[in-house]
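One structure is given below, encoded as structure tokens.
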Amino acid sequence: MCFHFLPLRRVLVSVASACFLLLGTPALAAERVMLKYNVLREPITTKELSTFAQTGKLSTLLQVTILLAQQDPEIIRQYLTTPIKISPTDLDKVFNSEIGDTTLGELSQVLHTRSRQGDQQALRSAFVASASQDQQITLLEIIQNYPAAEVEIEADRLETANNQLRRLQASLPDILGSK
């Protein structure tokens with residue numbers, strides 16, 4: 001009996017994705033980022049993070065934060081901007097798989113709200129918003145589209161998040177039944 005509702009669910013997700021594409025981006029998206037490196041906590045704007053990721057130009061605060069955390073800015077940029085090509089429709093298939101569930105669970109340990117309530121659903125929304133824009137996702141886009149005014153990033157775990165996205169990318173042909 002449950003299997004009769006699967007096609008209906010896919011249609012509803014497709015309609016919702018189409019509405020999202022036609023109506024634009026969500027009204028609520030992350031404006032601030034709380035970068036956390038172990039005990040170091042620094043608030044920056046999403047714009048500062050975007051400028052850094054896209055151009056390499058560091059704000060003074062971000063430069064000091066990265067220096068204090070003893071991180072390589074170029075590696076952080078790479079983690080933030082390396083894309084995975086995927087459509088919103090394919091994302092629905094991914095999120096209905098074990099690897100999709102695992103990906104959301106692990107990424108919600110790296111990107112989350114202060115309260116940590118509803119983080120997997122928020123990530124799912126951010127993924128769809130990101131893929132709807134350009135048929136691909138990056139960590140930066142996920143952060144930008146996170147449906148909360150502020151998102152916390154466990155920055156010392158960005159490599160883990162990047163690796164999780166790479167595993168997801170490698171699993172796409174199996175999940176989507178292609179190649």
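For the structure tokens, the naming scheme is as follows: chains receive sequential letters (A, B, ...) according to their order of presentation, residues are indexed from 1 within each chain, and ligands are indexed from 1 in presentation order.
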
Run DSSP on the backbone and give me the residues of stretch 15-151 of chain A it puts in helix (DSSP H, G or I), as a ChimeraX atom specification.
/A:15-23,46-55,60-68,73-81,88-95,98-107,119-134,139-144

Would you give me, as a list in words, the residues in stretch 47-151 of chain A that DSSP reads as strand (DSSP E)?
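Matching residues, listed in order: Ile84, Lys85, Leu111, His112, Gln136, Ile137, Glu150 and Val151 of chain A.
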
Requested write-out: N, CA and C atoms of the selected residues, as a compact mmCIF listing (two decimals), in the first residue's frame:
# COMPACT_ATOMS: atom_id res chain seq x y z
N ILE A 84 29.47 20.07 -7.05
CA ILE A 84 28.92 18.77 -7.42
C ILE A 84 27.74 19.08 -8.33
N LYS A 85 27.75 18.55 -9.53
CA LYS A 85 26.66 18.79 -10.47
C LYS A 85 25.51 17.84 -10.14
N LEU A 111 27.55 21.95 9.75
CA LEU A 111 26.75 23.14 9.48
C LEU A 111 25.44 23.01 10.24
N HIS A 112 25.19 23.95 11.14
CA HIS A 112 23.99 23.82 11.97
C HIS A 112 23.61 25.17 12.59
N GLN A 136 23.96 22.65 -9.57
CA GLN A 136 25.12 22.15 -8.84
C GLN A 136 25.06 22.68 -7.41
N ILE A 137 25.88 22.07 -6.55
CA ILE A 137 25.94 22.50 -5.16
C ILE A 137 27.40 22.67 -4.75
N GLU A 150 21.33 32.82 10.97
CA GLU A 150 22.72 32.53 11.28
C GLU A 150 22.96 31.03 11.22
N VAL A 151 24.09 30.66 10.65
CA VAL A 151 24.49 29.26 10.60
C VAL A 151 25.86 29.16 11.26

Can you pull out the residues contacting A:Asn162? Cut-off 10 Å, using only C-alpha atoms, and skip same-chain residues under 5 positions away; I want them as a compact mmCIF listing (two decimals) with C-alpha atoms, in the first residue's frame.
# COMPACT_ATOMS: atom_id res chain seq x y z
CA ILE A 76 39.35 26.39 2.84
CA GLN A 78 38.71 24.82 -2.26
CA TYR A 79 36.37 23.15 0.25
CA LEU A 80 33.87 25.98 -0.11
CA THR A 81 33.82 26.20 -3.91
CA THR A 82 34.31 22.71 -5.35
CA LEU A 107 26.88 17.53 7.39
CA THR A 138 28.93 23.80 -3.24
CA LEU A 139 29.47 24.16 0.49
CA ARG A 157 35.59 19.95 10.31
CA ARG A 167 31.57 10.44 -1.33
CA LEU A 168 28.10 11.59 -2.29

Considering only C-alpha atoms, state which residue in the set A:Ile153, A:Val128, A:Arg77, A:Ile99 is at the smallest distance from A:Ile44.
A:Ile153

Long-range neighbours of A:Asp156 as number ranges by chain, 9 Å cut-off, only C-alpha atoms, 5 positions minimum in chain:
A: 36-38, 69, 71, 110

Put those residues in a file: N, CA and C atoms, as an mmCIF file, in the first residue's frame.
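What landed in again_34.cif:
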data_model
loop_
_atom_site.group_PDB
_atom_site.id
_atom_site.type_symbol
_atom_site.label_atom_id
_atom_site.label_comp_id
_atom_site.auth_asym_id
_atom_site.auth_seq_id
_atom_site.Cartn_x
_atom_site.Cartn_y
_atom_site.Cartn_z
ATOM 1 N N LYS A 36 33.596 28.478 13.856
ATOM 2 C CA LYS A 36 34.080 27.884 15.101
ATOM 3 C C LYS A 36 35.277 26.986 14.798
ATOM 4 N N TYR A 37 36.400 27.321 15.397
ATOM 5 C CA TYR A 37 37.601 26.492 15.347
ATOM 6 C C TYR A 37 37.909 26.119 16.778
ATOM 7 N N ASN A 38 37.617 24.897 17.155
ATOM 8 C CA ASN A 38 37.798 24.455 18.542
ATOM 9 C C ASN A 38 37.139 25.462 19.488
ATOM 10 N N ALA A 69 43.606 30.073 13.779
ATOM 11 C CA ALA A 69 43.224 28.663 13.671
ATOM 12 C C ALA A 69 44.287 27.832 12.952
ATOM 13 N N GLN A 71 45.041 27.626 9.771
ATOM 14 C CA GLN A 71 44.475 26.963 8.602
ATOM 15 C C GLN A 71 45.045 27.580 7.325
ATOM 16 N N VAL A 110 28.487 19.606 11.012
ATOM 17 C CA VAL A 110 29.434 20.645 10.601
ATOM 18 C C VAL A 110 28.727 21.977 10.375
#

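The coordinates place atom CA of A:Thr103 at 16.1 Å from atom CA of A:Glu141.
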
Residue with smallest distance to A:Ser50 - pool A:Leu176, A:Val94, A:Ala30, A:Ala129, counting only C-alpha atoms
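That would be A:Ala30, the residue with the smallest distance to A:Ser50.
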
Who sits within 10 Å of A:Lys47, only C-alpha atoms, same chain under 2 positions skipped, as a list in words
Ala30, Glu31, Arg32, Val33, Ile44, Thr45, Leu49, Ser50, Thr51, Phe52, Ala53 and Gln144 of chain A
